[in-house]
Amino acid sequence: MKKKIILGICMLTMVTSLFIGCGKKEEEKQEVNTEVPVTEEVIKKEAKDINYVLYLKNRNMPYLFDERYTIKEDDPKLEGNTMEEFVMNELINFKEFGEYENVIPKGTDLLSIEKDGSLVRVNLSKEFNNFKGTKDDAQLLVASIVNSLTILPGNEKVQILVDGKVVNSIGKMKIKSPMEYFDNLYPDK
């Protein structure tokens, strides 16, 4: 009888260990991967604002007015352009609104802009010579370009070229030499 009890206990131990062993294998198979997959979060930086000023002629008064604008640094209009090229293109393509008018002769294109230290050379197409107006109008035209470019950091003088050549005058205004910011063309406040 003792043998039957010992045999029963041995059988019970073997069956129990068989079930426990098989259960561990199943648990190992069902183990869930608890690792969190590493994902790269792309943090998009917000593009900075770039401020610029266009000096525009008032339709009814012989003065320039400064209009401030902002553009995002990642704006497609800036792609492949310097800030000087962008500002000149904005002046050339300016659509009249309110009291402001575009004084740059129609059909004028920006051929190139070169910087030599603080001097900016603006090369415009021959249509720039189609300017019609008084000496005061010519001064406002030239000042619109010069002031819009010299207000940008690092620019002190502007020289206007037409088809790559130095021009003596536009209208009756002499423009052969590089010009600095015009500060006498604003209404008294």
# chains A, B, ... in the order shown; residues from 1 in each chain; ligands from 1
>>> residues_around(residues="Glu67 in chain A", least_positions_apart="6", cutoff="7 Å", atoms="only C-alpha atoms", output="compact mmCIF listing (two decimals) with C-alpha atoms, in the first residue's frame")
# COMPACT_ATOMS: atom_id res chain seq x y z
CA VAL A 53 9.58 98.43 -46.58
CA LEU A 54 8.44 99.64 -49.99
CA TYR A 55 8.63 103.38 -50.60
>>> select_by_dssp(residues="range 26-187 of chain A", states="alpha helix (DSSP H)", output="PyMOL selection string")
chain A and resi 26-29+83-92+135-150
>>> closest_residue(among="A:Leu149, A:Lys106, A:Ala138, A:Ser118", to="Val87 in chain A", atoms="only C-alpha atoms")
A:Leu149
>>> residues_around(residues="Leu110 in chain A", least_positions_apart="2", cutoff="9 Å", atoms="only C-alpha atoms", output="PyMOL selection string")
chain A and resi 85+88-89+92+108+112-113+122-125
>>> residues_around(residues="Asp75 in chain A", least_positions_apart="5", cutoff="12 Å", atoms="only C-alpha atoms", output="PyMOL selection string")
chain A and resi 46-50+70+80-81+83+86
>>> residues_around(residues="Val120 in chain A", least_positions_apart="5", cutoff="7 Å", atoms="only C-alpha atoms", output="PDB file with N, CA and C atoms, in the first residue's frame")
ATOM      1  N   ILE A 113      20.920  92.047 -59.892  1.00  0.00           N
ATOM      2  CA  ILE A 113      21.343  92.889 -58.771  1.00  0.00           C
ATOM      3  C   ILE A 113      22.677  92.344 -58.303  1.00  0.00           C
ATOM      4  N   GLU A 114      23.624  93.235 -58.122  1.00  0.00           N
ATOM      5  CA  GLU A 114      24.938  92.855 -57.608  1.00  0.00           C
ATOM      6  C   GLU A 114      25.235  93.690 -56.382  1.00  0.00           C
ATOM      7  N   LYS A 115      25.855  93.057 -55.398  1.00  0.00           N
ATOM      8  CA  LYS A 115      26.288  93.780 -54.204  1.00  0.00           C
ATOM      9  C   LYS A 115      27.807  93.827 -54.179  1.00  0.00           C
ATOM     10  N   ASN A 155      23.097  97.896 -46.722  1.00  0.00           N
ATOM     11  CA  ASN A 155      23.081  98.653 -47.971  1.00  0.00           C
ATOM     12  C   ASN A 155      23.117 100.149 -47.669  1.00  0.00           C
ATOM     13  N   LYS A 157      24.331 102.539 -50.513  1.00  0.00           N
ATOM     14  CA  LYS A 157      24.189 103.262 -51.784  1.00  0.00           C
ATOM     15  C   LYS A 157      23.624 102.330 -52.845  1.00  0.00           C
ATOM     16  N   VAL A 158      22.964 102.954 -53.832  1.00  0.00           N
ATOM     17  CA  VAL A 158      22.389 102.211 -54.951  1.00  0.00           C
ATOM     18  C   VAL A 158      22.801 102.899 -56.245  1.00  0.00           C
ATOM     19  N   GLN A 159      23.210 102.088 -57.207  1.00  0.00           N
ATOM     20  CA  GLN A 159      23.501 102.608 -58.545  1.00  0.00           C
ATOM     21  C   GLN A 159      22.550 101.916 -59.513  1.00  0.00           C
TER      22      GLN A 159
END
>>> atom_distance(atom1="CA of Gly164 in chain A", atom2="CA of Leu111 in chain A")
8.4 Å
>>> atom_distance(atom1="CA of Phe94 in chain A", atom2="CA of Ser169 in chain A")
23.4 Å
>>> atom_distance(atom1="CA of Ile151 in chain A", atom2="CA of Leu64 in chain A")
13.9 Å
>>> residues_around(residues="Leu141 in chain A", least_positions_apart="6", cutoff="8 Å", atoms="only C-alpha atoms", output="VMD selection string")
chain A and resid 57 103 to 104
>>> write_last_selection(atoms="N, CA and C atoms", output="PDB file, in the first residue's frame")
ATOM      1  N   LYS A  57       4.913 106.101 -54.110  1.00  0.00           N
ATOM      2  CA  LYS A  57       4.453 107.460 -54.405  1.00  0.00           C
ATOM      3  C   LYS A  57       2.952 107.552 -54.177  1.00  0.00           C
ATOM      4  N   VAL A 103       5.397 103.799 -59.759  1.00  0.00           N
ATOM      5  CA  VAL A 103       6.073 104.806 -60.575  1.00  0.00           C
ATOM      6  C   VAL A 103       7.094 104.196 -61.533  1.00  0.00           C
ATOM      7  N   ILE A 104       7.357 102.913 -61.417  1.00  0.00           N
ATOM      8  CA  ILE A 104       8.318 102.263 -62.316  1.00  0.00           C
ATOM      9  C   ILE A 104       7.636 102.052 -63.665  1.00  0.00           C
TER      10      ILE A 104
END
>>> closest_residue(among="A:Val162, A:Ser148, A:Leu140, A:Asp109", to="Asn51 in chain A", atoms="only C-alpha atoms")
A:Ser148
>>> closest_residue(among="A:Phe128, A:Ile145, A:Glu90, A:Glu96", to="Asp163 in chain A", atoms="only C-alpha atoms")
A:Phe128
>>> residues_around(residues="Gln139 in chain A", least_positions_apart="3", cutoff="12 Å", atoms="only C-alpha atoms", output="number ranges by chain")
A: 57, 62-64, 103-104, 131, 133-136, 142-147, 169-175, 179, 181-185
>>> write_last_selection(atoms="C-alpha atoms", output="short mmCIF file (atom, residue, chain, number, x, y, z; two decimals), in the first residue's frame")
data_model
loop_
_atom_site.label_atom_id
_atom_site.label_comp_id
_atom_site.auth_asym_id
_atom_site.auth_seq_id
_atom_site.Cartn_x
_atom_site.Cartn_y
_atom_site.Cartn_z
CA LYS A 57 4.45 107.46 -54.41
CA PRO A 62 4.54 114.65 -54.55
CA TYR A 63 5.74 112.52 -51.65
CA LEU A 64 6.89 109.01 -50.84
CA VAL A 103 6.07 104.81 -60.57
CA ILE A 104 8.32 102.26 -62.32
CA PHE A 131 9.83 107.13 -68.02
CA GLY A 133 7.31 112.81 -66.10
CA THR A 134 8.73 115.86 -64.44
CA LYS A 135 12.04 116.13 -62.62
CA ASP A 136 10.10 115.76 -59.34
CA VAL A 142 14.60 106.94 -58.20
CA ALA A 143 14.02 107.50 -54.47
CA SER A 144 11.43 104.70 -54.44
CA ILE A 145 14.11 102.27 -55.63
CA VAL A 146 17.02 103.70 -53.63
CA ASN A 147 15.12 104.00 -50.33
CA SER A 169 19.85 110.66 -66.11
CA ILE A 170 16.22 109.61 -65.98
CA GLY A 171 13.86 112.40 -66.89
CA LYS A 172 15.92 115.41 -65.86
CA MET A 173 17.39 113.79 -62.76
CA LYS A 174 21.07 112.84 -62.75
CA ILE A 175 21.57 109.22 -61.69
CA MET A 179 22.86 107.38 -54.54
CA TYR A 181 18.80 107.28 -48.98
CA PHE A 182 16.59 110.28 -49.88
CA ASP A 183 15.24 111.81 -46.69
CA ASN A 184 13.52 114.94 -48.02
CA LEU A 185 10.61 113.38 -49.89
#
>>> closest_residue(among="A:Lys132, A:Lys176, A:Arg121, A:Lys45", to="Glu156 in chain A", atoms="only C-alpha atoms")
A:Arg121
>>> closest_residue(among="A:Arg59, A:Pro153, A:Val166, A:Ser177", to="Gly117 in chain A", atoms="only C-alpha atoms")
A:Pro153
>>> decode(residues="range 66-112 of chain A", atoms="N, CA and C atoms", output="tab-separated table (two decimals), in the first residue's frame")
chain	number	residue	atom	x	y	z
A	66	ASP	N	6.16	105.27	-46.76
A	66	ASP	CA	6.73	103.95	-46.49
A	66	ASP	C	5.63	102.99	-46.06
A	67	GLU	N	5.55	101.90	-46.77
A	67	GLU	CA	4.59	100.84	-46.45
A	67	GLU	C	5.37	99.63	-45.99
A	68	ARG	N	5.07	99.19	-44.78
A	68	ARG	CA	5.78	98.06	-44.19
A	68	ARG	C	5.05	96.75	-44.50
A	69	TYR	N	5.85	95.75	-44.82
A	69	TYR	CA	5.33	94.43	-45.16
A	69	TYR	C	6.11	93.37	-44.40
A	70	THR	N	5.54	92.18	-44.34
A	70	THR	CA	6.19	91.04	-43.71
A	70	THR	C	6.04	89.83	-44.63
A	71	ILE	N	7.09	89.04	-44.69
A	71	ILE	CA	7.06	87.80	-45.45
A	71	ILE	C	7.74	86.73	-44.59
A	72	LYS	N	7.26	85.50	-44.69
A	72	LYS	CA	7.88	84.39	-43.97
A	72	LYS	C	9.17	84.00	-44.69
A	73	GLU	N	10.18	83.64	-43.91
A	73	GLU	CA	11.48	83.31	-44.50
A	73	GLU	C	11.44	82.09	-45.43
A	74	ASP	N	10.40	81.26	-45.31
A	74	ASP	CA	10.29	80.09	-46.18
A	74	ASP	C	9.29	80.30	-47.32
A	75	ASP	N	8.89	81.55	-47.55
A	75	ASP	CA	7.95	81.86	-48.63
A	75	ASP	C	8.60	81.54	-49.98
A	76	PRO	N	7.87	80.89	-50.88
A	76	PRO	CA	8.44	80.55	-52.19
A	76	PRO	C	8.93	81.76	-52.99
A	77	LYS	N	8.38	82.94	-52.73
A	77	LYS	CA	8.83	84.15	-53.44
A	77	LYS	C	10.30	84.46	-53.14
A	78	LEU	N	10.78	84.02	-52.00
A	78	LEU	CA	12.18	84.29	-51.63
A	78	LEU	C	13.14	83.23	-52.16
A	79	GLU	N	12.61	82.10	-52.58
A	79	GLU	CA	13.45	81.00	-53.02
A	79	GLU	C	14.32	81.42	-54.21
A	80	GLY	N	15.62	81.32	-54.03
A	80	GLY	CA	16.55	81.65	-55.10
A	80	GLY	C	16.79	83.14	-55.28
A	81	ASN	N	16.20	83.97	-54.42
A	81	ASN	CA	16.37	85.42	-54.53
A	81	ASN	C	17.03	85.98	-53.28
A	82	THR	N	17.82	87.02	-53.49
A	82	THR	CA	18.30	87.78	-52.34
A	82	THR	C	17.15	88.68	-51.89
A	83	MET	N	17.28	89.26	-50.73
A	83	MET	CA	16.24	90.17	-50.25
A	83	MET	C	16.15	91.39	-51.18
A	84	GLU	N	17.27	91.84	-51.72
A	84	GLU	CA	17.28	92.97	-52.65
A	84	GLU	C	16.50	92.63	-53.92
A	85	GLU	N	16.71	91.43	-54.46
A	85	GLU	CA	15.98	91.02	-55.66
A	85	GLU	C	14.49	90.93	-55.37
A	86	PHE	N	14.15	90.37	-54.22
A	86	PHE	CA	12.75	90.26	-53.84
A	86	PHE	C	12.10	91.63	-53.74
A	87	VAL	N	12.74	92.57	-53.05
A	87	VAL	CA	12.18	93.92	-52.88
A	87	VAL	C	12.02	94.62	-54.23
A	88	MET	N	13.03	94.51	-55.09
A	88	MET	CA	12.92	95.14	-56.42
A	88	MET	C	11.77	94.53	-57.22
A	89	ASN	N	11.62	93.23	-57.17
A	89	ASN	CA	10.51	92.60	-57.88
A	89	ASN	C	9.17	93.03	-57.32
A	90	GLU	N	9.10	93.21	-56.00
A	90	GLU	CA	7.86	93.71	-55.39
A	90	GLU	C	7.55	95.13	-55.87
A	91	LEU	N	8.57	95.98	-55.98
A	91	LEU	CA	8.36	97.35	-56.48
A	91	LEU	C	7.90	97.33	-57.95
A	92	ILE	N	8.60	96.55	-58.75
A	92	ILE	CA	8.29	96.50	-60.19
A	92	ILE	C	6.87	95.96	-60.42
A	93	ASN	N	6.48	94.96	-59.65
A	93	ASN	CA	5.17	94.32	-59.84
A	93	ASN	C	4.08	94.89	-58.94
A	94	PHE	N	4.36	95.99	-58.28
A	94	PHE	CA	3.41	96.58	-57.34
A	94	PHE	C	2.10	96.92	-58.05
A	95	LYS	N	1.00	96.43	-57.50
A	95	LYS	CA	-0.33	96.73	-58.03
A	95	LYS	C	-0.87	97.94	-57.27
A	96	GLU	N	-1.22	98.95	-58.03
A	96	GLU	CA	-1.71	100.18	-57.40
A	96	GLU	C	-2.91	99.88	-56.52
A	97	PHE	N	-2.95	100.52	-55.38
A	97	PHE	CA	-4.11	100.41	-54.52
A	97	PHE	C	-4.24	101.70	-53.71
A	98	GLY	N	-5.46	102.03	-53.37
A	98	GLY	CA	-5.70	103.25	-52.59
A	98	GLY	C	-5.05	104.45	-53.23
A	99	GLU	N	-4.28	105.16	-52.45
A	99	GLU	CA	-3.62	106.38	-52.92
A	99	GLU	C	-2.22	106.13	-53.50
A	100	TYR	N	-1.78	104.87	-53.51
A	100	TYR	CA	-0.43	104.57	-53.95
A	100	TYR	C	-0.41	104.14	-55.41
A	101	GLU	N	0.64	104.59	-56.12
A	101	GLU	CA	0.78	104.19	-57.52
A	101	GLU	C	2.19	103.67	-57.78
A	102	ASN	N	2.30	102.84	-58.78
A	102	ASN	CA	3.58	102.29	-59.19
A	102	ASN	C	4.24	103.28	-60.15
A	103	VAL	N	5.40	103.80	-59.76
A	103	VAL	CA	6.07	104.81	-60.57
A	103	VAL	C	7.09	104.20	-61.53
A	104	ILE	N	7.36	102.91	-61.42
A	104	ILE	CA	8.32	102.26	-62.32
A	104	ILE	C	7.64	102.05	-63.66
A	105	PRO	N	8.29	102.49	-64.75
A	105	PRO	CA	7.67	102.37	-66.08
A	105	PRO	C	7.23	100.94	-66.39
A	106	LYS	N	6.06	100.81	-66.98
A	106	LYS	CA	5.50	99.50	-67.33
A	106	LYS	C	6.46	98.75	-68.26
A	107	GLY	N	6.55	97.46	-68.05
A	107	GLY	CA	7.40	96.62	-68.87
A	107	GLY	C	8.83	96.51	-68.37
A	108	THR	N	9.19	97.30	-67.35
A	108	THR	CA	10.54	97.24	-66.79
A	108	THR	C	10.74	95.90	-66.10
A	109	ASP	N	11.87	95.27	-66.37
A	109	ASP	CA	12.24	94.01	-65.72
A	109	ASP	C	13.53	94.20	-64.96
A	110	LEU	N	13.68	93.43	-63.90
A	110	LEU	CA	14.93	93.39	-63.17
A	110	LEU	C	15.83	92.38	-63.86
A	111	LEU	N	16.95	92.86	-64.40
A	111	LEU	CA	17.88	91.96	-65.09
A	111	LEU	C	18.85	91.31	-64.10
A	112	SER	N	19.32	92.11	-63.14
A	112	SER	CA	20.22	91.55	-62.12
A	112	SER	C	20.41	92.56	-60.99
